[in-house]
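See below for protein-v8.pdb, which holds PDB, C-alpha atoms and all ligand atoms.
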MODEL        1
ATOM      1  CA  MET K  13     -11.700 -12.024 -17.404  1.00  0.00           C
ATOM      2  CA  ALA K  14      -9.954  -8.714 -16.906  1.00  0.00           C
ATOM      3  CA  LYS K  15      -6.301  -8.166 -17.709  1.00  0.00           C
ATOM      4  CA  ASN K  16      -3.693  -8.727 -14.998  1.00  0.00           C
ATOM      5  CA  LYS K  17      -2.584  -5.111 -15.279  1.00  0.00           C
ATOM      6  CA  ASN K  18      -4.810  -2.093 -15.798  1.00  0.00           C
ATOM      7  CA  ALA K  19      -4.753   1.566 -14.721  1.00  0.00           C
ATOM      8  CA  PHE K  20      -5.602   0.670 -11.111  1.00  0.00           C
ATOM      9  CA  ILE K  21      -4.281  -2.812 -10.376  1.00  0.00           C
ATOM     10  CA  ASN K  22      -1.291  -4.988 -11.173  1.00  0.00           C
ATOM     11  CA  LEU K  23      -2.146  -8.553 -10.208  1.00  0.00           C
ATOM     12  CA  ASN K  24       1.376  -9.656 -11.080  1.00  0.00           C
ATOM     13  CA  ASN K  25       2.550  -7.903  -7.921  1.00  0.00           C
ATOM     14  CA  ALA K  26      -0.035  -9.471  -5.564  1.00  0.00           C
ATOM     15  CA  ARG K  27       1.493 -11.704  -2.887  1.00  0.00           C
ATOM     16  CA  GLU K  28      -1.199 -13.621  -0.984  1.00  0.00           C
ATOM     17  CA  GLU K  29      -3.780 -16.034  -2.383  1.00  0.00           C
ATOM     18  CA  ASP K  30      -6.839 -14.239  -0.973  1.00  0.00           C
ATOM     19  CA  GLN K  31      -5.289 -10.939  -2.049  1.00  0.00           C
ATOM     20  CA  VAL K  32      -5.119 -12.218  -5.634  1.00  0.00           C
ATOM     21  CA  LYS K  33      -8.827 -13.190  -5.479  1.00  0.00           C
ATOM     22  CA  ILE K  34      -9.904  -9.760  -4.261  1.00  0.00           C
ATOM     23  CA  MET K  35      -7.585  -7.995  -6.700  1.00  0.00           C
ATOM     24  CA  GLN K  36      -9.072 -10.071  -9.530  1.00  0.00           C
ATOM     25  CA  LYS K  37     -12.527  -8.818  -8.533  1.00  0.00           C
ATOM     26  CA  ILE K  38     -11.251  -5.244  -8.496  1.00  0.00           C
ATOM     27  CA  ALA K  39      -9.589  -5.695 -11.887  1.00  0.00           C
ATOM     28  CA  ASP K  40     -12.911  -6.980 -13.262  1.00  0.00           C
ATOM     29  CA  SER K  41     -14.682  -3.879 -11.857  1.00  0.00           C
ATOM     30  CA  ASP K  42     -12.046  -1.647 -13.478  1.00  0.00           C
ATOM     31  CA  HIS K  43     -12.024   0.926 -10.680  1.00  0.00           C
ATOM     32  CA  CYS K  44      -9.521   2.091  -8.099  1.00  0.00           C
ATOM     33  CA  PRO K  45      -9.746   0.235  -4.760  1.00  0.00           C
ATOM     34  CA  PHE K  46      -8.009   3.047  -2.836  1.00  0.00           C
ATOM     35  CA  CYS K  47     -10.303   5.851  -4.018  1.00  0.00           C
ATOM     36  CA  SER K  48     -12.743   6.780  -1.260  1.00  0.00           C
ATOM     37  CA  ALA K  49     -15.836   5.686  -3.219  1.00  0.00           C
ATOM     38  CA  ASN K  50     -14.461   2.122  -3.412  1.00  0.00           C
ATOM     39  CA  LEU K  51     -12.135   1.698  -0.429  1.00  0.00           C
ATOM     40  CA  ARG K  52     -14.746   0.183   1.867  1.00  0.00           C
ATOM     41  CA  LEU K  53     -15.797  -2.372  -0.757  1.00  0.00           C
ATOM     42  CA  TYR K  54     -12.549  -4.274  -0.331  1.00  0.00           C
ATOM     43  CA  HIS K  55     -10.584  -2.830   2.551  1.00  0.00           C
ATOM     44  CA  LYS K  56     -11.789  -4.267   5.864  1.00  0.00           C
ATOM     45  CA  GLN K  57      -9.209  -2.696   8.181  1.00  0.00           C
ATOM     46  CA  PRO K  58      -9.996   0.176  10.563  1.00  0.00           C
ATOM     47  CA  ILE K  59      -9.305   3.744   9.466  1.00  0.00           C
ATOM     48  CA  LEU K  60      -7.011   5.081  12.202  1.00  0.00           C
ATOM     49  CA  HIS K  61      -6.822   8.680  11.071  1.00  0.00           C
ATOM     50  CA  GLU K  62      -8.306  10.878   8.386  1.00  0.00           C
ATOM     51  CA  GLY K  63      -6.462  14.054   7.461  1.00  0.00           C
ATOM     52  CA  GLN K  64      -7.082  16.554   4.711  1.00  0.00           C
ATOM     53  CA  TYR K  65      -4.743  14.761   2.290  1.00  0.00           C
ATOM     54  CA  TRP K  66      -4.077  11.325   3.780  1.00  0.00           C
ATOM     55  CA  LEU K  67      -5.845   8.570   5.628  1.00  0.00           C
ATOM     56  CA  VAL K  68      -4.135   6.012   7.806  1.00  0.00           C
ATOM     57  CA  THR K  69      -5.136   2.370   8.015  1.00  0.00           C
ATOM     58  CA  THR K  70      -3.531  -1.004   8.567  1.00  0.00           C
ATOM     59  CA  ASN K  71      -2.406  -3.172   5.666  1.00  0.00           C
ATOM     60  CA  GLN K  72      -4.877  -5.975   4.966  1.00  0.00           C
ATOM     61  CA  TRP K  73      -1.958  -8.151   3.870  1.00  0.00           C
ATOM     62  CA  PRO K  74       0.972  -7.140   6.068  1.00  0.00           C
ATOM     63  CA  TYR K  75       4.434  -8.224   4.990  1.00  0.00           C
ATOM     64  CA  LYS K  76       5.902 -11.152   6.880  1.00  0.00           C
ATOM     65  CA  HIS K  77       7.939 -10.299   9.978  1.00  0.00           C
ATOM     66  CA  THR K  78       6.275  -6.929  10.540  1.00  0.00           C
ATOM     67  CA  LYS K  79       5.087  -5.715  13.918  1.00  0.00           C
ATOM     68  CA  HIS K  80       3.156  -2.847  12.342  1.00  0.00           C
ATOM     69  CA  HIS K  81       2.394  -2.369   8.678  1.00  0.00           C
ATOM     70  CA  LEU K  82       0.390   0.785   8.132  1.00  0.00           C
ATOM     71  CA  LEU K  83      -0.837   2.300   4.885  1.00  0.00           C
ATOM     72  CA  ILE K  84      -1.040   6.060   4.555  1.00  0.00           C
ATOM     73  CA  ILE K  85      -3.234   6.528   1.519  1.00  0.00           C
ATOM     74  CA  TYR K  86      -3.484   9.772  -0.453  1.00  0.00           C
ATOM     75  CA  ARG K  87      -7.138  10.774  -0.405  1.00  0.00           C
ATOM     76  CA  GLN K  88      -7.324  11.917  -4.025  1.00  0.00           C
ATOM     77  CA  HIS K  89      -6.607   9.537  -6.863  1.00  0.00           C
ATOM     78  CA  ALA K  90      -2.913   9.973  -7.674  1.00  0.00           C
ATOM     79  CA  THR K  91      -0.335   7.758  -9.315  1.00  0.00           C
ATOM     80  CA  LYS K  92       2.624  10.047 -10.024  1.00  0.00           C
ATOM     81  CA  LEU K  93       4.583  12.175  -7.568  1.00  0.00           C
ATOM     82  CA  ALA K  94       3.579  15.184  -9.655  1.00  0.00           C
ATOM     83  CA  ASP K  95      -0.066  14.467  -8.724  1.00  0.00           C
ATOM     84  CA  LEU K  96       0.680  15.231  -5.052  1.00  0.00           C
ATOM     85  CA  GLU K  97      -0.004  18.626  -3.530  1.00  0.00           C
ATOM     86  CA  THR K  98       3.286  19.882  -2.112  1.00  0.00           C
ATOM     87  CA  VAL K  99       1.592  20.868   1.180  1.00  0.00           C
ATOM     88  CA  ALA K 100       0.455  17.249   1.553  1.00  0.00           C
ATOM     89  CA  GLY K 101       4.073  16.475   2.404  1.00  0.00           C
ATOM     90  CA  SER K 102       3.766  18.619   5.496  1.00  0.00           C
ATOM     91  CA  GLU K 103       0.660  16.756   6.635  1.00  0.00           C
ATOM     92  CA  LEU K 104       2.362  13.438   5.928  1.00  0.00           C
ATOM     93  CA  PHE K 105       5.279  14.356   8.183  1.00  0.00           C
ATOM     94  CA  ALA K 106       2.908  15.476  10.926  1.00  0.00           C
ATOM     95  CA  ILE K 107       1.066  12.137  10.653  1.00  0.00           C
ATOM     96  CA  ILE K 108       4.158   9.931  10.755  1.00  0.00           C
ATOM     97  CA  LYS K 109       5.580  11.861  13.710  1.00  0.00           C
ATOM     98  CA  GLU K 110       2.316  11.386  15.588  1.00  0.00           C
ATOM     99  CA  LEU K 111       2.173   7.673  14.748  1.00  0.00           C
ATOM    100  CA  GLU K 112       5.740   7.205  15.934  1.00  0.00           C
ATOM    101  CA  GLN K 113       4.817   8.653  19.316  1.00  0.00           C
ATOM    102  CA  LYS K 114       1.407   7.033  19.626  1.00  0.00           C
ATOM    103  CA  TYR K 115       2.627   3.516  18.889  1.00  0.00           C
ATOM    104  CA  ALA K 116       6.101   4.027  20.376  1.00  0.00           C
ATOM    105  CA  PHE K 117       7.813   2.734  17.232  1.00  0.00           C
ATOM    106  CA  GLU K 118      11.338   1.590  17.985  1.00  0.00           C
ATOM    107  CA  GLY K 119      12.380   1.980  14.355  1.00  0.00           C
ATOM    108  CA  GLY K 120      11.404   0.973  10.845  1.00  0.00           C
ATOM    109  CA  GLY K 121      11.003   2.428   7.409  1.00  0.00           C
ATOM    110  CA  LEU K 122       8.747   4.207   4.948  1.00  0.00           C
ATOM    111  CA  ALA K 123       8.153   3.153   1.368  1.00  0.00           C
ATOM    112  CA  LEU K 124       6.464   5.289  -1.254  1.00  0.00           C
ATOM    113  CA  ARG K 125       6.083   3.601  -4.602  1.00  0.00           C
ATOM    114  CA  PHE K 126       4.920   5.628  -7.568  1.00  0.00           C
ATOM    115  CA  GLY K 127       4.113   5.412 -11.244  1.00  0.00           C
ATOM    116  CA  ASP K 128       4.067   2.428 -13.580  1.00  0.00           C
ATOM    117  CA  THR K 129       3.521  -0.713 -11.489  1.00  0.00           C
ATOM    118  CA  ASP K 130       6.063  -2.701 -13.527  1.00  0.00           C
ATOM    119  CA  PHE K 131       8.620  -0.288 -12.089  1.00  0.00           C
ATOM    120  CA  SER K 132       7.135   0.288  -8.625  1.00  0.00           C
ATOM    121  CA  ALA K 133       6.047  -3.328  -7.970  1.00  0.00           C
ATOM    122  CA  GLY K 134       2.865  -1.866  -6.483  1.00  0.00           C
ATOM    123  CA  THR K 135      -0.357  -3.873  -6.629  1.00  0.00           C
ATOM    124  CA  VAL K 136      -2.672  -0.880  -6.316  1.00  0.00           C
ATOM    125  CA  ASN K 137      -1.756   2.063  -8.514  1.00  0.00           C
ATOM    126  CA  HIS K 138      -2.915   4.837  -6.184  1.00  0.00           C
ATOM    127  CA  LEU K 139      -0.241   6.634  -4.196  1.00  0.00           C
ATOM    128  CA  HIS K 140       0.197   5.371  -0.652  1.00  0.00           C
ATOM    129  CA  VAL K 141       3.004   5.329   1.851  1.00  0.00           C
ATOM    130  CA  GLN K 142       3.810   2.115   3.670  1.00  0.00           C
ATOM    131  CA  LEU K 143       5.024   2.532   7.224  1.00  0.00           C
ATOM    132  CA  ILE K 144       6.751  -0.664   8.248  1.00  0.00           C
ATOM    133  CA  ILE K 145       7.962  -1.620  11.693  1.00  0.00           C
ATOM    134  CA  PRO K 146       9.827  -4.945  11.652  1.00  0.00           C
ATOM    135  CA  ASP K 147       9.138  -7.466  14.382  1.00  0.00           C
ATOM    136  CA  ALA K 148      12.848  -7.541  15.085  1.00  0.00           C
ATOM    137  CA  MET K 149      12.639  -8.849  18.666  1.00  0.00           C
ATOM    138  CA  LYS K 150      11.031 -12.147  17.624  1.00  0.00           C
ATOM    139  CA  LYS K 151      13.266 -15.216  17.610  1.00  0.00           C
ATOM    140  CA  ASP K 152      12.371 -16.347  14.072  1.00  0.00           C
ATOM    141  CA  PHE K 153      12.662 -12.817  12.672  1.00  0.00           C
ATOM    142  CA  GLU K 154      13.903 -12.294   9.150  1.00  0.00           C
ATOM    143  CA  PRO K 155      14.500  -8.861   7.605  1.00  0.00           C
ATOM    144  CA  VAL K 156      11.517  -7.235   5.905  1.00  0.00           C
ATOM    145  CA  ARG K 157      12.252  -6.532   2.256  1.00  0.00           C
ATOM    146  CA  VAL K 158      10.449  -4.011   0.067  1.00  0.00           C
ATOM    147  CA  LYS K 159      10.548  -4.871  -3.622  1.00  0.00           C
ATOM    148  CA  LEU K 160      10.789  -2.330  -6.425  1.00  0.00           C
ATOM    149  CA  GLY K 161      10.256  -3.426 -10.019  1.00  0.00           C
ATOM    150  CA  LEU K 162       8.853  -6.591 -11.512  1.00  0.00           C
ATOM    151  CA  GLN K 163      10.990  -9.134 -13.366  1.00  0.00           C
ATOM    152  CA  TRP K 164      10.179  -9.848 -16.994  1.00  0.00           C
ATOM    153  CA  GLU K 165       9.000 -13.437 -16.540  1.00  0.00           C
ATOM    154  CA  LYS K 166       6.326 -12.317 -14.061  1.00  0.00           C
ATOM    155  CA  ARG K 167       4.802  -9.727 -16.401  1.00  0.00           C
ATOM    156  CA  LYS K 168       1.603 -11.255 -17.657  1.00  0.00           C
ATOM    157  CA  ASN K 169      -1.126  -9.319 -19.368  1.00  0.00           C
TER     158      ASN K 169
HETATM  159 ZN    ZN K 201      -7.546   5.890  -6.629  1.00  0.00          ZN
ENDMDL
END
Just give me the structure as structure tokens.
Amino acid sequence: MAKNKNAFINLNNAREEDQVKIMQKIADSDHCPFCSANLRLYHKQPILHEGQYWLVTTNQWPYKHTKHHLLIIYRQHATKLADLETVAGSELFAIIKELEQKYAFEGGGLALRFGDTDFSAGTVNHLHVQLIIPDAMKKDFEPVRVKLGLQWEKRKN
């Protein structure tokens, strides 16, 4: 059995039961699930856009109370902000502007976690931007919360 946390995965941050199962498989394989060679092995969502630096897809495990939960994944393996090409920021802005128009987003937020997954609370340690549009017009709506950092008692090796 692989460790809960390795260079590519932090199972302690996984939320859904089937997500944990798939993440366990990835941890056992000891490779990065967001690198292009492996993405299709686990990620079953459509790729909506492929740029030079980023690809856009939908989150396989969207947060509760989201209307849209998109992942904008950096195409090269990267974990730290310093790994990003500065010009990739320009493409990212072009992509999010286009998505806003295309899907007529009323409003929402972007989250970019980076670095050590005990600090970022990321499950997959490969830089990606989460574009989150809350389903705020639904009657049972509750605010969407993005977590950063993992509490001590949940850190298992
Ligand atoms: Zn990767």
**Message:** My list of candidates is K:Arg52, K:Asn137, K:Lys79, K:Val68. Which is closest to ligand ZN 201 (chain K) when distances are computed with all atoms listed in the file?
**Reply:** K:Asn137
**Distance query Ile84 (chain K) at most 10 Å, all atoms listed in the file, self and fewer than 4 positions along chain excluded, as a list in words** =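 So, after excluding close chain neighbours, the residues are Ile59, Leu60, His61, Glu62, Tyr65, Trp66, Leu67, Val68, Thr69, Thr70, Asn71, Leu104, Ile107, Ile108, Leu122, Leu124, Leu139, His140, Val141, Gln142 and Leu143 of chain K.
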Between chain K and ligand ZN 201 (chain K), at 10 Å or less, what are the per-residue closest atom pairs and their distances in Å? Count all atoms listed in the file, order by chain and rising residue number, and return it as JSON lines.
{"residue": "K:Ala19", "atom": "CA", "partner": "K:ZN201", "partner_atom": "ZN", "distance": 9.6}
{"residue": "K:Phe20", "atom": "CA", "partner": "K:ZN201", "partner_atom": "ZN", "distance": 7.1}
{"residue": "K:His43", "atom": "CA", "partner": "K:ZN201", "partner_atom": "ZN", "distance": 7.8}
{"residue": "K:Cys44", "atom": "CA", "partner": "K:ZN201", "partner_atom": "ZN", "distance": 4.5}
{"residue": "K:Pro45", "atom": "CA", "partner": "K:ZN201", "partner_atom": "ZN", "distance": 6.3}
{"residue": "K:Phe46", "atom": "CA", "partner": "K:ZN201", "partner_atom": "ZN", "distance": 4.8}
{"residue": "K:Cys47", "atom": "CA", "partner": "K:ZN201", "partner_atom": "ZN", "distance": 3.8}
{"residue": "K:Ser48", "atom": "CA", "partner": "K:ZN201", "partner_atom": "ZN", "distance": 7.5}
{"residue": "K:Ala49", "atom": "CA", "partner": "K:ZN201", "partner_atom": "ZN", "distance": 9.0}
{"residue": "K:Asn50", "atom": "CA", "partner": "K:ZN201", "partner_atom": "ZN", "distance": 8.5}
{"residue": "K:Leu51", "atom": "CA", "partner": "K:ZN201", "partner_atom": "ZN", "distance": 8.8}
{"residue": "K:Ile85", "atom": "CA", "partner": "K:ZN201", "partner_atom": "ZN", "distance": 9.2}
{"residue": "K:Tyr86", "atom": "CA", "partner": "K:ZN201", "partner_atom": "ZN", "distance": 8.3}
{"residue": "K:Arg87", "atom": "CA", "partner": "K:ZN201", "partner_atom": "ZN", "distance": 7.9}
{"residue": "K:Gln88", "atom": "CA", "partner": "K:ZN201", "partner_atom": "ZN", "distance": 6.6}
{"residue": "K:His89", "atom": "CA", "partner": "K:ZN201", "partner_atom": "ZN", "distance": 3.8}
{"residue": "K:Ala90", "atom": "CA", "partner": "K:ZN201", "partner_atom": "ZN", "distance": 6.3}
{"residue": "K:Thr91", "atom": "CA", "partner": "K:ZN201", "partner_atom": "ZN", "distance": 7.9}
{"residue": "K:Val136", "atom": "CA", "partner": "K:ZN201", "partner_atom": "ZN", "distance": 8.3}
{"residue": "K:Asn137", "atom": "CA", "partner": "K:ZN201", "partner_atom": "ZN", "distance": 7.2}
{"residue": "K:His138", "atom": "CA", "partner": "K:ZN201", "partner_atom": "ZN", "distance": 4.8}
{"residue": "K:Leu139", "atom": "CA", "partner": "K:ZN201", "partner_atom": "ZN", "distance": 7.7}
{"residue": "K:His140", "atom": "CA", "partner": "K:ZN201", "partner_atom": "ZN", "distance": 9.8}
**Message:** Between K:Ala148, K:Asn25, K:Gln57, K:Leu83, which residue has the minimum interatomic distance to Gly161 (chain K), considering all atoms listed in the file?
**Reply:**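 Smallest distance to Gly161 (chain K) is found for K:Asn25.
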**Asked** So what do you get for CA of Lys56 (chain K) versus CA of Met35 (chain K), distance-wise?
**Response**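 Separating CA of Lys56 (chain K) from CA of Met35 (chain K) is a distance of 13.8 Å.
Distance-wise, CA of Lys109 (chain K) and CA of Pro146 (chain K) end up 17.5 Å apart.
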**Item:** Gap from CA of Val156 (chain K) to CA of Lys76 (chain K) - Å, one decimal
**Value:** 6.9 Å
**Message:** Given all atoms listed in the file as the basis, pick out the residue of K:Glu29, K:Val99, K:Ala133, K:Ile34 nearest to Lys166 (chain K).
**Reply:**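 Closest to Lys166 (chain K) of all the choices is K:Ala133.
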**Asked** Using all atoms listed in the file, which of the listed residues (K:His81, K:Lys92, K:Lys37, K:Arg125) sits closest to Asp147 (chain K)?
**Response** K:His81
Any chance you could export region 147-158 of chain K with N, CA, C and O atoms, as an mmCIF file, in the first residue's frame?
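Writing the result to selection08.cif gives the following:
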data_model
loop_
_atom_site.group_PDB
_atom_site.id
_atom_site.type_symbol
_atom_site.label_atom_id
_atom_site.label_comp_id
_atom_site.auth_asym_id
_atom_site.auth_seq_id
_atom_site.Cartn_x
_atom_site.Cartn_y
_atom_site.Cartn_z
ATOM 1 N N ASP K 147 -23.817 27.918 -7.273
ATOM 2 C CA ASP K 147 -25.197 27.759 -7.742
ATOM 3 C C ASP K 147 -26.115 28.598 -6.845
ATOM 4 O O ASP K 147 -27.035 28.093 -6.200
ATOM 5 N N ALA K 148 -25.841 29.882 -6.828
ATOM 6 C CA ALA K 148 -26.410 30.773 -5.816
ATOM 7 C C ALA K 148 -27.909 31.026 -5.960
ATOM 8 O O ALA K 148 -28.521 31.564 -5.040
ATOM 9 N N MET K 149 -28.505 30.660 -7.095
ATOM 10 C CA MET K 149 -29.938 30.893 -7.272
ATOM 11 C C MET K 149 -30.789 29.732 -6.787
ATOM 12 O O MET K 149 -32.003 29.803 -6.792
ATOM 13 N N LYS K 150 -30.130 28.621 -6.370
ATOM 14 C CA LYS K 150 -30.892 27.475 -5.874
ATOM 15 C C LYS K 150 -31.365 27.731 -4.445
ATOM 16 O O LYS K 150 -30.656 28.345 -3.651
ATOM 17 N N LYS K 151 -32.535 27.191 -4.130
ATOM 18 C CA LYS K 151 -33.146 27.440 -2.819
ATOM 19 C C LYS K 151 -32.313 26.916 -1.656
ATOM 20 O O LYS K 151 -32.193 27.553 -0.624
ATOM 21 N N ASP K 152 -31.716 25.702 -1.845
ATOM 22 C CA ASP K 152 -30.965 25.090 -0.740
ATOM 23 C C ASP K 152 -29.475 25.466 -0.780
ATOM 24 O O ASP K 152 -28.647 24.818 -0.172
ATOM 25 N N PHE K 153 -29.163 26.521 -1.497
ATOM 26 C CA PHE K 153 -27.764 26.926 -1.685
ATOM 27 C C PHE K 153 -27.054 27.245 -0.372
ATOM 28 O O PHE K 153 -27.609 27.872 0.516
ATOM 29 N N GLU K 154 -25.822 26.779 -0.298
ATOM 30 C CA GLU K 154 -24.939 27.168 0.800
ATOM 31 C C GLU K 154 -23.625 27.630 0.192
ATOM 32 O O GLU K 154 -23.209 27.101 -0.830
ATOM 33 N N PRO K 155 -22.971 28.607 0.772
ATOM 34 C CA PRO K 155 -21.738 29.143 0.180
ATOM 35 C C PRO K 155 -20.693 28.063 -0.092
ATOM 36 O O PRO K 155 -20.540 27.117 0.680
ATOM 37 N N VAL K 156 -20.000 28.207 -1.204
ATOM 38 C CA VAL K 156 -18.925 27.288 -1.575
ATOM 39 C C VAL K 156 -17.660 27.753 -0.857
ATOM 40 O O VAL K 156 -17.306 28.925 -0.915
ATOM 41 N N ARG K 157 -17.020 26.838 -0.162
ATOM 42 C CA ARG K 157 -15.807 27.207 0.573
ATOM 43 C C ARG K 157 -14.606 26.481 -0.012
ATOM 44 O O ARG K 157 -14.663 25.296 -0.285
ATOM 45 N N VAL K 158 -13.522 27.217 -0.188
ATOM 46 C CA VAL K 158 -12.266 26.629 -0.663
ATOM 47 C C VAL K 158 -11.327 26.572 0.529
ATOM 48 O O VAL K 158 -11.098 27.576 1.198
#
